[in-house]
$ cat my_file-v2.csv   # CSV, C-alpha atoms
chain,number,residue,atom,x,y,z
A,14,PRO,CA,3.9,-27.7,7.2
A,15,VAL,CA,0.7,-26.0,8.6
A,16,GLY,CA,-2.0,-27.6,6.6
A,17,ASN,CA,-4.5,-25.2,5.1
A,18,GLY,CA,-3.0,-22.2,7.0
A,19,LYS,CA,-6.2,-21.1,8.6
A,20,GLN,CA,-4.5,-20.8,12.0
A,21,THR,CA,-3.0,-17.7,13.5
A,22,PHE,CA,0.7,-16.9,13.9
A,23,LYS,CA,0.3,-17.3,17.7
A,24,TRP,CA,-0.9,-20.9,17.1
A,25,LEU,CA,2.1,-21.4,14.8
A,26,ALA,CA,4.5,-20.1,17.5
A,27,ASN,CA,3.0,-22.3,20.2
A,28,ALA,CA,3.2,-25.3,17.9
A,29,ALA,CA,6.8,-24.6,17.1
A,30,ALA,CA,7.7,-24.2,20.7
A,31,TYR,CA,6.0,-27.5,21.6
A,32,LEU,CA,7.7,-29.4,18.7
A,33,PHE,CA,11.1,-28.0,19.6
A,34,VAL,CA,10.8,-29.6,23.1
A,35,HIS,CA,8.8,-32.8,22.3
A,36,VAL,CA,9.8,-33.8,18.8
A,37,GLY,CA,13.0,-32.1,17.6
A,38,ILE,CA,16.0,-34.4,17.1
A,39,ARG,CA,13.9,-37.6,17.5
A,40,ASP,CA,12.1,-36.9,14.2
A,41,GLY,CA,15.1,-35.5,12.4
A,42,MET,CA,14.5,-31.8,13.0
A,43,HIS,CA,17.8,-30.0,12.4
A,44,ILE,CA,19.0,-28.4,15.7
A,45,SER,CA,22.2,-26.4,15.9
A,46,SER,CA,24.8,-27.7,18.4
A,47,ARG,CA,24.3,-24.7,20.7
A,48,ASN,CA,20.6,-25.6,21.1
A,49,ARG,CA,21.1,-29.3,21.7
A,50,LYS,CA,21.3,-28.6,25.4
A,51,TYR,CA,17.5,-28.0,25.4
A,52,TYR,CA,17.0,-31.7,24.8
A,53,GLN,CA,18.2,-32.4,28.3
A,54,MET,CA,15.3,-30.6,29.8
A,55,PRO,CA,12.2,-32.3,31.2
A,56,CYS,CA,9.5,-33.2,28.7
A,57,ASN,CA,6.9,-31.0,30.4
A,58,THR,CA,9.1,-27.9,29.7
A,59,GLN,CA,7.3,-25.1,28.0
A,60,LEU,CA,9.2,-22.5,26.0
A,61,LEU,CA,7.6,-19.1,25.3
A,62,PRO,CA,7.7,-17.7,21.8
A,63,LYS,CA,9.5,-14.3,21.5
A,64,ASN,CA,8.9,-13.3,17.9
A,65,VAL,CA,7.6,-14.7,14.6
A,66,TYR,CA,9.0,-13.3,11.3
A,67,THR,CA,10.2,-14.1,7.8
A,68,GLU,CA,13.1,-12.9,5.7
A,69,ASP,CA,10.9,-10.2,4.2
A,70,THR,CA,8.8,-9.3,7.3
A,71,PRO,CA,10.4,-8.7,10.7
A,72,PHE,CA,7.0,-9.0,12.5
A,73,LEU,CA,3.9,-11.1,11.9
A,74,HIS,CA,1.0,-10.2,14.2
A,75,PRO,CA,0.0,-13.0,16.6
A,76,ASP,CA,-3.7,-12.6,15.6
A,77,ASP,CA,-3.2,-12.6,11.9
A,78,VAL,CA,-4.1,-15.7,9.9
A,79,ILE,CA,-1.3,-17.5,8.1
A,80,ASN,CA,-2.8,-18.1,4.7
A,81,GLN,CA,-4.0,-14.4,4.5
A,82,ASN,CA,-0.5,-13.1,4.9
A,83,LEU,CA,2.0,-15.5,3.4
A,84,LYS,CA,2.4,-17.5,0.2
A,85,GLU,CA,2.6,-21.2,0.2
A,86,GLY,CA,6.2,-22.4,0.9
A,87,THR,CA,7.3,-19.3,2.7
A,88,LYS,CA,9.8,-20.1,5.5
A,89,VAL,CA,8.7,-18.7,8.9
A,90,PHE,CA,11.1,-18.2,11.8
A,91,VAL,CA,9.9,-18.6,15.4
A,92,GLU,CA,12.3,-17.1,18.0
A,93,LEU,CA,11.9,-18.7,21.5
A,94,TYR,CA,13.0,-17.4,24.9
A,95,ASP,CA,15.8,-19.4,26.5
A,96,LYS,CA,15.5,-17.3,29.6
A,97,LEU,CA,12.9,-14.8,30.9
A,98,ASP,CA,13.9,-11.7,32.7
A,99,PHE,CA,11.6,-10.3,35.4
A,100,ASP,CA,10.9,-6.7,36.5
A,101,GLU,CA,11.0,-5.4,40.0
A,102,PHE,CA,7.5,-6.6,40.7
A,103,GLY,CA,8.3,-10.1,39.6
A,104,PHE,CA,6.5,-10.0,36.3
A,105,PRO,CA,8.2,-11.4,33.1
A,106,VAL,CA,9.6,-8.7,30.8
A,107,LEU,CA,8.1,-9.7,27.4
A,108,SER,CA,9.0,-8.7,23.9
A,109,LYS,CA,6.4,-6.7,22.0
A,110,TRP,CA,5.3,-9.7,20.1
A,111,ALA,CA,4.9,-11.9,23.2
A,112,PHE,CA,3.0,-9.0,24.9
A,113,LEU,CA,0.5,-8.8,22.0
A,114,ALA,CA,0.1,-12.6,22.1
A,115,TYR,CA,-0.2,-13.4,25.8
A,116,ARG,CA,-1.2,-10.2,27.6
A,117,ARG,CA,-4.9,-10.4,26.6
A,118,ASP,CA,-6.5,-8.8,29.6
A,119,GLU,CA,-8.5,-5.6,28.9
A,120,LYS,CA,-6.2,-3.6,31.2
A,121,TYR,CA,-3.4,-4.1,28.6
A,122,ARG,CA,-5.4,-3.1,25.6
A,123,GLU,CA,-3.9,0.4,25.2
A,124,GLU,CA,-0.3,-1.0,25.5
A,125,ARG,CA,-1.2,-3.7,22.9
A,126,GLU,CA,-2.4,-1.0,20.5
A,127,ILE,CA,0.7,1.1,21.0
A,128,PHE,CA,3.0,-1.9,20.5
A,129,SER,CA,1.0,-3.1,17.4
A,130,GLU,CA,1.3,0.3,15.8
A,131,GLU,CA,5.0,0.5,16.5
A,132,LEU,CA,5.7,-2.9,15.1
A,133,CYS,CA,3.6,-2.2,12.0
A,134,ASP,CA,5.5,1.0,11.4
A,135,ALA,CA,8.8,-0.9,11.8
A,136,VAL,CA,7.6,-3.4,9.2
A,137,GLU,CA,6.7,-0.6,6.8
A,138,LYS,CA,10.1,1.1,7.3
A,139,PHE,CA,11.9,-2.3,6.9
A,140,GLN,CA,10.1,-3.2,3.7
A,141,LEU,CA,10.6,0.3,2.2
A,142,GLU,CA,14.3,0.2,2.9
A,143,LYS,CA,14.6,-3.3,1.5
A,144,THR,CA,12.7,-2.2,-1.7
A,145,GLU,CA,14.9,0.8,-2.1
A,146,GLN,CA,18.0,-1.3,-1.8
A,147,SER,CA,16.6,-3.8,-4.3
A,148,LEU,CA,15.8,-1.1,-6.7
A,149,LYS,CA,19.3,0.4,-6.4
A,150,LEU,CA,20.8,-3.0,-7.1
A,151,LYS,CA,18.4,-3.6,-10.0
A,152,ALA,CA,19.3,-0.2,-11.5
A,153,GLU,CA,23.0,-1.0,-11.3
A,154,ILE,CA,22.5,-4.3,-13.0
A,155,GLU,CA,20.2,-2.9,-15.7
A,156,ARG,CA,22.3,0.2,-16.3
A,157,PRO,CA,24.6,-1.3,-19.0
A,158,LYS,CA,21.6,-2.7,-20.8
A,159,LEU,CA,19.8,0.6,-20.8
A,160,GLU,CA,22.9,2.4,-21.9
A,161,ARG,CA,23.1,0.1,-24.9
A,162,MET,CA,19.5,0.7,-25.7
A,163,LYS,CA,20.0,4.4,-25.6
A,164,MET,CA,22.9,4.1,-28.1
A,165,ILE,CA,20.8,1.9,-30.4
A,166,MET,CA,17.9,4.4,-30.2
A,167,ALA,CA,20.0,7.5,-30.5
A,168,GLU,CA,19.3,7.7,-34.2
A,169,GLN,CA,15.6,7.2,-33.6
A,170,MET,CA,15.1,10.0,-31.1
A,171,VAL,CA,12.2,12.3,-32.0
A,172,ASP,CA,12.1,16.1,-31.3
A,173,GLU,CA,9.7,17.7,-28.8
A,174,ASN,CA,7.3,18.7,-31.5
A,175,MET,CA,7.0,15.1,-32.7
A,176,ILE,CA,6.6,13.9,-29.1
A,177,GLU,CA,3.7,16.4,-28.6
A,178,LYS,CA,2.1,15.2,-31.8
A,179,ILE,CA,2.3,11.6,-30.8
A,180,MET,CA,1.0,12.2,-27.3
A,181,ARG,CA,-1.9,14.3,-28.6
A,182,GLU,CA,-3.0,11.5,-30.9
A,183,ALA,CA,-2.4,8.9,-28.3
A,184,TRP,CA,-4.4,10.7,-25.6
A,185,ALA,CA,-7.2,11.5,-28.0
A,186,LEU,CA,-7.6,7.7,-28.5
A,187,ILE,CA,-7.4,7.1,-24.8
A,188,LYS,CA,-10.1,9.7,-24.1
A,189,SER,CA,-12.4,8.5,-26.8
A,190,SER,CA,-12.2,4.9,-25.5
A,191,GLY,CA,-13.0,6.0,-21.9
A,192,ALA,CA,-10.4,3.6,-20.6
A,193,LEU,CA,-9.5,6.0,-17.7
A,194,ASP,CA,-12.8,7.8,-17.1
A,195,GLY,CA,-13.9,5.8,-14.1
A,196,LEU,CA,-10.4,6.0,-12.5
A,197,VAL,CA,-9.0,9.4,-13.2
A,198,PRO,CA,-10.8,12.8,-13.3
A,199,ASP,CA,-10.2,14.9,-16.5
A,200,GLU,CA,-7.9,17.4,-14.8
A,201,GLU,CA,-5.8,14.6,-13.4
A,202,GLN,CA,-5.7,12.9,-16.8
A,203,ILE,CA,-4.0,16.0,-18.2
A,204,GLU,CA,-1.3,15.7,-15.5
A,205,ILE,CA,-0.7,12.1,-16.4
A,206,ARG,CA,-0.5,12.9,-20.1
A,207,ASN,CA,2.1,15.6,-19.4
A,208,PHE,CA,4.1,13.2,-17.3
A,209,PHE,CA,4.2,10.6,-20.1
A,210,ALA,CA,5.1,13.3,-22.6
A,211,LYS,CA,7.9,14.6,-20.4
A,212,ASN,CA,9.3,11.1,-20.0
A,213,TYR,CA,8.3,9.8,-23.4
A,214,VAL,CA,11.9,8.7,-24.5
A,215,GLU,CA,12.6,6.8,-21.3
A,216,ILE,CA,9.2,5.0,-21.3
A,217,THR,CA,9.7,4.2,-25.0
A,218,GLU,CA,13.0,2.7,-24.2
A,219,MET,CA,11.5,0.5,-21.5
A,220,TYR,CA,8.6,-0.5,-23.8
A,221,ARG,CA,10.9,-1.6,-26.6
A,222,LEU,CA,13.3,-3.3,-24.1
A,223,TYR,CA,10.6,-5.7,-23.0
A,224,SER,CA,8.4,-6.1,-26.1
A,225,PRO,CA,10.8,-8.4,-27.9
A,226,VAL,CA,10.9,-10.9,-25.0
A,227,ASN,CA,8.1,-13.1,-26.3
A,228,SER,CA,7.3,-11.8,-29.8
A,229,ARG,CA,10.2,-13.0,-31.9
A,230,GLY,CA,12.1,-9.8,-31.6
A,231,GLY,CA,9.3,-7.4,-32.6
A,232,THR,CA,9.2,-4.1,-30.7
A,233,HIS,CA,5.8,-2.8,-31.8
A,234,GLU,CA,3.5,-4.5,-29.3
A,235,LEU,CA,3.7,-5.9,-25.8
A,236,ASP,CA,2.0,-9.2,-24.9
A,237,TYR,CA,0.8,-10.4,-21.5
A,238,ILE,CA,4.0,-12.4,-20.8
A,239,GLU,CA,6.2,-9.5,-21.7
A,240,LEU,CA,4.1,-7.2,-19.4
A,241,CYS,CA,4.5,-9.6,-16.5
A,242,LYS,CA,8.2,-9.8,-17.1
A,243,PHE,CA,8.5,-6.1,-17.0
A,244,LEU,CA,6.4,-5.7,-13.8
A,245,THR,CA,8.2,-8.5,-11.9
A,246,GLU,CA,11.8,-7.7,-13.0
A,247,THR,CA,11.3,-4.1,-12.0
A,248,GLU,CA,9.5,-5.2,-8.8
A,249,ILE,CA,6.5,-3.0,-9.5
A,250,LEU,CA,4.2,-6.0,-8.8
A,251,GLY,CA,5.0,-9.6,-7.9
A,252,GLU,CA,3.7,-12.8,-9.4
A,253,GLU,CA,1.1,-13.1,-6.7
A,254,HIS,CA,-0.8,-10.3,-8.5
A,255,SER,CA,-1.0,-12.1,-11.8
A,256,ASN,CA,-4.8,-12.1,-11.8
A,257,VAL,CA,-4.9,-8.4,-11.4
A,258,ILE,CA,-2.2,-7.9,-14.1
A,259,LEU,CA,-4.3,-10.0,-16.5
A,260,ARG,CA,-7.4,-8.0,-15.8
A,261,ILE,CA,-5.6,-4.7,-16.3
A,262,PHE,CA,-3.9,-6.1,-19.4
A,263,GLY,CA,-7.4,-6.7,-20.9
A,264,GLU,CA,-8.9,-3.4,-19.7
A,265,SER,CA,-6.1,-1.4,-21.3
A,266,HIS,CA,-7.0,-2.0,-24.9
A,267,VAL,CA,-8.4,1.2,-26.5
A,268,ARG,CA,-8.5,0.2,-30.2
A,269,GLY,CA,-12.1,-0.8,-30.1
A,270,THR,CA,-11.4,-4.3,-28.7
A,271,LYS,CA,-14.2,-5.1,-26.2
A,272,SER,CA,-13.2,-8.7,-25.5
A,273,LYS,CA,-12.5,-10.0,-22.0
A,274,SER,CA,-9.0,-10.1,-20.6
A,275,SER,CA,-6.9,-12.5,-22.7
A,276,ILE,CA,-3.3,-13.4,-22.9
A,277,HIS,CA,-3.7,-13.5,-26.7
A,278,LEU,CA,-4.2,-9.8,-26.9
A,279,GLN,CA,-1.3,-7.3,-27.3
A,280,LEU,CA,-0.7,-3.7,-26.1
A,281,ASN,CA,0.6,-1.0,-28.4
A,282,GLN,CA,2.5,1.9,-26.8
A,283,THR,CA,-0.7,4.0,-26.3
A,284,GLU,CA,-2.3,1.1,-24.4
A,285,PHE,CA,0.9,0.7,-22.4
A,286,PHE,CA,0.3,4.2,-21.1
A,287,VAL,CA,-3.2,3.1,-19.9
A,288,ALA,CA,-1.8,-0.1,-18.3
A,289,LEU,CA,0.9,1.9,-16.5
A,290,THR,CA,-1.7,4.2,-15.1
A,291,LYS,CA,-4.0,1.4,-13.9
A,292,ILE,CA,-1.1,-0.5,-12.4
A,293,ALA,CA,0.1,2.6,-10.5
A,294,ALA,CA,-3.4,3.2,-9.1
A,295,TYR,CA,-3.7,-0.4,-8.0
A,296,LYS,CA,-0.3,-0.5,-6.3
A,297,TYR,CA,-0.2,2.8,-4.6
A,298,ILE,CA,-4.0,3.5,-4.0
A,299,THR,CA,-6.0,0.2,-4.0
A,300,LEU,CA,-3.5,-1.9,-2.0
A,301,HIS,CA,-2.9,1.1,0.4
A,302,ARG,CA,-6.6,1.3,1.1
A,303,ARG,CA,-6.9,-2.5,1.6
A,304,GLU,CA,-4.1,-2.5,4.1
A,305,ASN,CA,-5.6,0.4,6.0
A,306,ALA,CA,-9.0,-1.4,6.1
A,307,LYS,CA,-7.3,-4.6,7.3
A,308,MET,CA,-5.5,-2.7,10.1
A,309,ARG,CA,-8.7,-0.9,11.2
A,310,LYS,CA,-10.5,-4.3,11.3
A,311,ARG,CA,-7.7,-5.5,13.6
A,312,GLY,CA,-8.2,-2.5,15.8
A,313,VAL,CA,-4.9,-0.9,14.8
A,314,SER,CA,-4.5,2.7,13.7
A,315,ALA,CA,-4.2,2.9,9.9
A,316,SER,CA,-1.0,4.2,8.2
A,317,LYS,CA,-0.6,7.9,8.5
A,318,ALA,CA,0.8,8.2,5.1
A,319,PRO,CA,-1.6,10.0,2.7
A,320,ILE,CA,-3.1,8.1,-0.2
A,321,PRO,CA,-1.7,9.7,-3.4
A,322,THR,CA,-3.7,10.9,-6.4
A,323,VAL,CA,-3.4,8.8,-9.5
A,324,PRO,CA,-0.9,11.2,-11.2
A,325,ILE,CA,1.4,11.1,-8.1
A,326,ALA,CA,1.0,7.3,-8.1
A,327,VAL,CA,2.1,7.2,-11.8
A,328,GLU,CA,5.1,9.3,-11.1
$ encode --input "my_file-v2.csv" --output "structure tokens"
Amino acid sequence: PVGNGKQTFKWLANAAAYLFVHVGIRDGMHISSRNRKYYQMPCNTQLLPKNVYTEDTPFLHPDDVINQNLKEGTKVFVELYDKLDFDEFGFPVLSKWAFLAYRRDEKYREEREIFSEELCDAVEKFQLEKTEQSLKLKAEIERPKLERMKMIMAEQMVDENMIEKIMREAWALIKSSGALDGLVPDEEQIEIRNFFAKNYVEITEMYRLYSPVNSRGGTHELDYIELCKFLTETEILGEEHSNVILRIFGESHVRGTKSKSSIHLQLNQTEFFVALTKIAAYKYITLHRRENAKMRKRGVSASKAPIPTVPIAVE
């Protein structure tokens, strides 16, 4: 437990190292048999933290604040040195995390920036690989369900002319409502419309798959709970973004409804197109910009990956 979590990960690492030596077994801390030897050491022993990480993030910056980076209840691992190696000049050879945490002199500033950028890139690569693996696994699990849905809907498939008519009417309603005007330029709205038209059958399948979840089997409208289930199960957004999901849910209504975001409203398929567009912009543009701003504030080079346009984010 770390209280309100306003401390940094460096503080957490130092606290864990202290507790490992001074509290440990005496207060019931679980210590593996191979580590019990450390309880034979003098009580003034100080162990140096080597790395701090979670199951989902292989590096947590020493200067970052705990409650700004982790959810309550997240398990954090602190790796400690059991032995320090020294270079030819007698200086300890530190891990990149320990270097960032304890080499604070100005002469080490450039090295700290390089290490910080390398570790942040490693985190981005790790999380991308983990997301890809998770999506592949999810796709394999969902494949039989989607195949069944395809069979059920086979008789309901519409031809290309019908799809074009439906999309023309749907987009006319979206344009007249102005739901995307502040987010997407007109020429980019055409790209998004074309993407939805091209993938209309697949999007319709997904819409009908999730709309019966909380609406007694009906497949004509999607409520807030069903939208949340769709976003979390497909790992588009997690539950920690529930406030944003609710706001987007309310902003996506184009049928003349001007009420504030409410879980009592429902989305038809046209409004589902609007919601998907806003969610894509939030995930791949807004969150990207926030992360870059956060890294610049910390003195670290922002991600070199270009921020996509809204149509690319939707795709």
$ residues_around --input "my_file-v2.csv" --residues "Asn82 (chain A)" --least-positions-apart "4" --cutoff "12 Å" --atoms "only C-alpha atoms" --output "NGL selection string"
:A and (18-22 or 66-67 or 69-70 or 72-78 or 87 or 89 or 253 or 304 or 307)
$ write_last_selection --input "my_file-v2.csv" --atoms "C-alpha atoms" --output "PDB file, keeping the file's coordinate frame"
ATOM      1  CA  GLY A  18      -3.000 -22.200   7.000  1.00  0.00           C
ATOM      2  CA  LYS A  19      -6.200 -21.100   8.600  1.00  0.00           C
ATOM      3  CA  GLN A  20      -4.500 -20.800  12.000  1.00  0.00           C
ATOM      4  CA  THR A  21      -3.000 -17.700  13.500  1.00  0.00           C
ATOM      5  CA  PHE A  22       0.700 -16.900  13.900  1.00  0.00           C
ATOM      6  CA  TYR A  66       9.000 -13.300  11.300  1.00  0.00           C
ATOM      7  CA  THR A  67      10.200 -14.100   7.800  1.00  0.00           C
ATOM      8  CA  ASP A  69      10.900 -10.200   4.200  1.00  0.00           C
ATOM      9  CA  THR A  70       8.800  -9.300   7.300  1.00  0.00           C
ATOM     10  CA  PHE A  72       7.000  -9.000  12.500  1.00  0.00           C
ATOM     11  CA  LEU A  73       3.900 -11.100  11.900  1.00  0.00           C
ATOM     12  CA  HIS A  74       1.000 -10.200  14.200  1.00  0.00           C
ATOM     13  CA  PRO A  75       0.000 -13.000  16.600  1.00  0.00           C
ATOM     14  CA  ASP A  76      -3.700 -12.600  15.600  1.00  0.00           C
ATOM     15  CA  ASP A  77      -3.200 -12.600  11.900  1.00  0.00           C
ATOM     16  CA  VAL A  78      -4.100 -15.700   9.900  1.00  0.00           C
ATOM     17  CA  THR A  87       7.300 -19.300   2.700  1.00  0.00           C
ATOM     18  CA  VAL A  89       8.700 -18.700   8.900  1.00  0.00           C
ATOM     19  CA  GLU A 253       1.100 -13.100  -6.700  1.00  0.00           C
ATOM     20  CA  GLU A 304      -4.100  -2.500   4.100  1.00  0.00           C
ATOM     21  CA  LYS A 307      -7.300  -4.600   7.300  1.00  0.00           C
TER      22      LYS A 307
END
$ closest_residue --input "my_file-v2.csv" --among "A:Thr283, A:Ile205, A:Gly312, A:Leu222" --to "Glu155 (chain A)" --atoms "only C-alpha atoms"
A:Leu222
$ atom_distance --input "my_file-v2.csv" --atom1 "CA of Leu83 (chain A)" --atom2 "CA of Leu113 (chain A)"
19.8 Å
$ residues_around --input "my_file-v2.csv" --residues "region 319-328 of chain A" --least-positions-apart "2" --cutoff "7 Å" --atoms "all atoms listed in the file" --output "list in words"
Val197, Glu201, Glu204, Ile205, Thr290, Ala293, Ala294, Tyr297, Ile298 and Lys317 of chain A
$ closest_residue --input "my_file-v2.csv" --among "A:Leu240, A:Ala183, A:Met308, A:Leu148" --to "Gln282 (chain A)" --atoms "only C-alpha atoms"
A:Ala183
$ residues_around --input "my_file-v2.csv" --residues "Ala114 (chain A)" --least-positions-apart "2" --cutoff "8 Å" --atoms "all atoms listed in the file" --output "list in words"
Lys23, Pro75, Asp76, Trp110, Ala111, Phe112, Arg116 and Arg117 of chain A
$ build_atoms --input "my_file-v2.csv" --residues "region 255-264 of chain A" --atoms "all heavy atoms" --output "PDB file, keeping the file's coordinate frame"
ATOM      1  N   SER A 255      -0.809 -11.797 -10.347  1.00  0.00           N
ATOM      2  CA  SER A 255      -1.000 -12.100 -11.800  1.00  0.00           C
ATOM      3  C   SER A 255      -2.410 -11.985 -12.248  1.00  0.00           C
ATOM      4  O   SER A 255      -2.644 -11.578 -13.394  1.00  0.00           O
ATOM      5  CB  SER A 255      -0.492 -13.586 -12.019  1.00  0.00           C
ATOM      6  OG  SER A 255      -1.209 -14.502 -11.213  1.00  0.00           O
ATOM      7  N   ASN A 256      -3.397 -12.290 -11.387  1.00  0.00           N
ATOM      8  CA  ASN A 256      -4.800 -12.100 -11.800  1.00  0.00           C
ATOM      9  C   ASN A 256      -5.143 -10.675 -12.066  1.00  0.00           C
ATOM     10  O   ASN A 256      -5.853 -10.349 -13.016  1.00  0.00           O
ATOM     11  CB  ASN A 256      -5.734 -12.721 -10.744  1.00  0.00           C
ATOM     12  CG  ASN A 256      -5.687 -14.237 -10.701  1.00  0.00           C
ATOM     13  OD1 ASN A 256      -5.300 -14.874 -11.680  1.00  0.00           O
ATOM     14  ND2 ASN A 256      -6.075 -14.818  -9.585  1.00  0.00           N
ATOM     15  N   VAL A 257      -4.631  -9.799 -11.207  1.00  0.00           N
ATOM     16  CA  VAL A 257      -4.900  -8.400 -11.400  1.00  0.00           C
ATOM     17  C   VAL A 257      -4.172  -7.864 -12.646  1.00  0.00           C
ATOM     18  O   VAL A 257      -4.733  -7.085 -13.416  1.00  0.00           O
ATOM     19  CB  VAL A 257      -4.391  -7.573 -10.153  1.00  0.00           C
ATOM     20  CG1 VAL A 257      -4.519  -6.075 -10.401  1.00  0.00           C
ATOM     21  CG2 VAL A 257      -5.183  -7.972  -8.922  1.00  0.00           C
ATOM     22  N   ILE A 258      -2.942  -8.334 -12.859  1.00  0.00           N
ATOM     23  CA  ILE A 258      -2.200  -7.900 -14.100  1.00  0.00           C
ATOM     24  C   ILE A 258      -2.958  -8.339 -15.320  1.00  0.00           C
ATOM     25  O   ILE A 258      -3.066  -7.564 -16.274  1.00  0.00           O
ATOM     26  CB  ILE A 258      -0.788  -8.545 -14.052  1.00  0.00           C
ATOM     27  CG1 ILE A 258       0.030  -8.007 -12.869  1.00  0.00           C
ATOM     28  CG2 ILE A 258      -0.065  -8.232 -15.364  1.00  0.00           C
ATOM     29  CD1 ILE A 258       1.374  -8.695 -12.683  1.00  0.00           C
ATOM     30  N   LEU A 259      -3.506  -9.557 -15.319  1.00  0.00           N
ATOM     31  CA  LEU A 259      -4.300 -10.000 -16.500  1.00  0.00           C
ATOM     32  C   LEU A 259      -5.503  -9.178 -16.707  1.00  0.00           C
ATOM     33  O   LEU A 259      -5.829  -8.820 -17.844  1.00  0.00           O
ATOM     34  CB  LEU A 259      -4.648 -11.498 -16.305  1.00  0.00           C
ATOM     35  CG  LEU A 259      -5.453 -12.125 -17.450  1.00  0.00           C
ATOM     36  CD1 LEU A 259      -4.687 -12.028 -18.764  1.00  0.00           C
ATOM     37  CD2 LEU A 259      -5.805 -13.569 -17.133  1.00  0.00           C
ATOM     38  N   ARG A 260      -6.195  -8.820 -15.621  1.00  0.00           N
ATOM     39  CA  ARG A 260      -7.400  -8.000 -15.800  1.00  0.00           C
ATOM     40  C   ARG A 260      -7.026  -6.608 -16.322  1.00  0.00           C
ATOM     41  O   ARG A 260      -7.682  -6.112 -17.251  1.00  0.00           O
ATOM     42  CB  ARG A 260      -8.070  -7.826 -14.391  1.00  0.00           C
ATOM     43  CG  ARG A 260      -9.253  -6.851 -14.417  1.00  0.00           C
ATOM     44  CD  ARG A 260      -9.958  -6.801 -13.080  1.00  0.00           C
ATOM     45  NE  ARG A 260      -9.064  -6.397 -12.010  1.00  0.00           N
ATOM     46  CZ  ARG A 260      -8.710  -5.154 -11.764  1.00  0.00           C
ATOM     47  NH1 ARG A 260      -9.133  -4.166 -12.546  1.00  0.00           N
ATOM     48  NH2 ARG A 260      -7.915  -4.868 -10.747  1.00  0.00           N
ATOM     49  N   ILE A 261      -5.985  -5.999 -15.772  1.00  0.00           N
ATOM     50  CA  ILE A 261      -5.600  -4.700 -16.300  1.00  0.00           C
ATOM     51  C   ILE A 261      -5.088  -4.772 -17.712  1.00  0.00           C
ATOM     52  O   ILE A 261      -5.375  -3.890 -18.524  1.00  0.00           O
ATOM     53  CB  ILE A 261      -4.433  -4.127 -15.359  1.00  0.00           C
ATOM     54  CG1 ILE A 261      -5.008  -3.760 -13.989  1.00  0.00           C
ATOM     55  CG2 ILE A 261      -3.759  -2.920 -16.008  1.00  0.00           C
ATOM     56  CD1 ILE A 261      -3.968  -3.311 -12.990  1.00  0.00           C
ATOM     57  N   PHE A 262      -4.386  -5.860 -18.040  1.00  0.00           N
ATOM     58  CA  PHE A 262      -3.900  -6.100 -19.400  1.00  0.00           C
ATOM     59  C   PHE A 262      -5.107  -6.034 -20.383  1.00  0.00           C
ATOM     60  O   PHE A 262      -5.055  -5.390 -21.432  1.00  0.00           O
ATOM     61  CB  PHE A 262      -3.203  -7.420 -19.507  1.00  0.00           C
ATOM     62  CG  PHE A 262      -2.693  -7.760 -20.873  1.00  0.00           C
ATOM     63  CD1 PHE A 262      -1.519  -7.199 -21.349  1.00  0.00           C
ATOM     64  CD2 PHE A 262      -3.378  -8.654 -21.691  1.00  0.00           C
ATOM     65  CE1 PHE A 262      -1.041  -7.517 -22.616  1.00  0.00           C
ATOM     66  CE2 PHE A 262      -2.910  -8.982 -22.957  1.00  0.00           C
ATOM     67  CZ  PHE A 262      -1.729  -8.408 -23.414  1.00  0.00           C
ATOM     68  N   GLY A 263      -6.189  -6.717 -20.013  1.00  0.00           N
ATOM     69  CA  GLY A 263      -7.400  -6.700 -20.900  1.00  0.00           C
ATOM     70  C   GLY A 263      -8.102  -5.422 -20.937  1.00  0.00           C
ATOM     71  O   GLY A 263      -8.618  -5.030 -21.988  1.00  0.00           O
ATOM     72  N   GLU A 264      -8.134  -4.705 -19.798  1.00  0.00           N
ATOM     73  CA  GLU A 264      -8.900  -3.400 -19.700  1.00  0.00           C
ATOM     74  C   GLU A 264      -8.148  -2.285 -20.408  1.00  0.00           C
ATOM     75  O   GLU A 264      -8.724  -1.220 -20.597  1.00  0.00           O
ATOM     76  CB  GLU A 264      -9.121  -3.073 -18.261  1.00  0.00           C
ATOM     77  CG  GLU A 264     -10.086  -4.003 -17.544  1.00  0.00           C
ATOM     78  CD  GLU A 264     -10.207  -3.650 -16.064  1.00  0.00           C
ATOM     79  OE1 GLU A 264      -9.423  -2.788 -15.609  1.00  0.00           O
ATOM     80  OE2 GLU A 264     -11.057  -4.241 -15.389  1.00  0.00           O
TER      81      GLU A 264
END
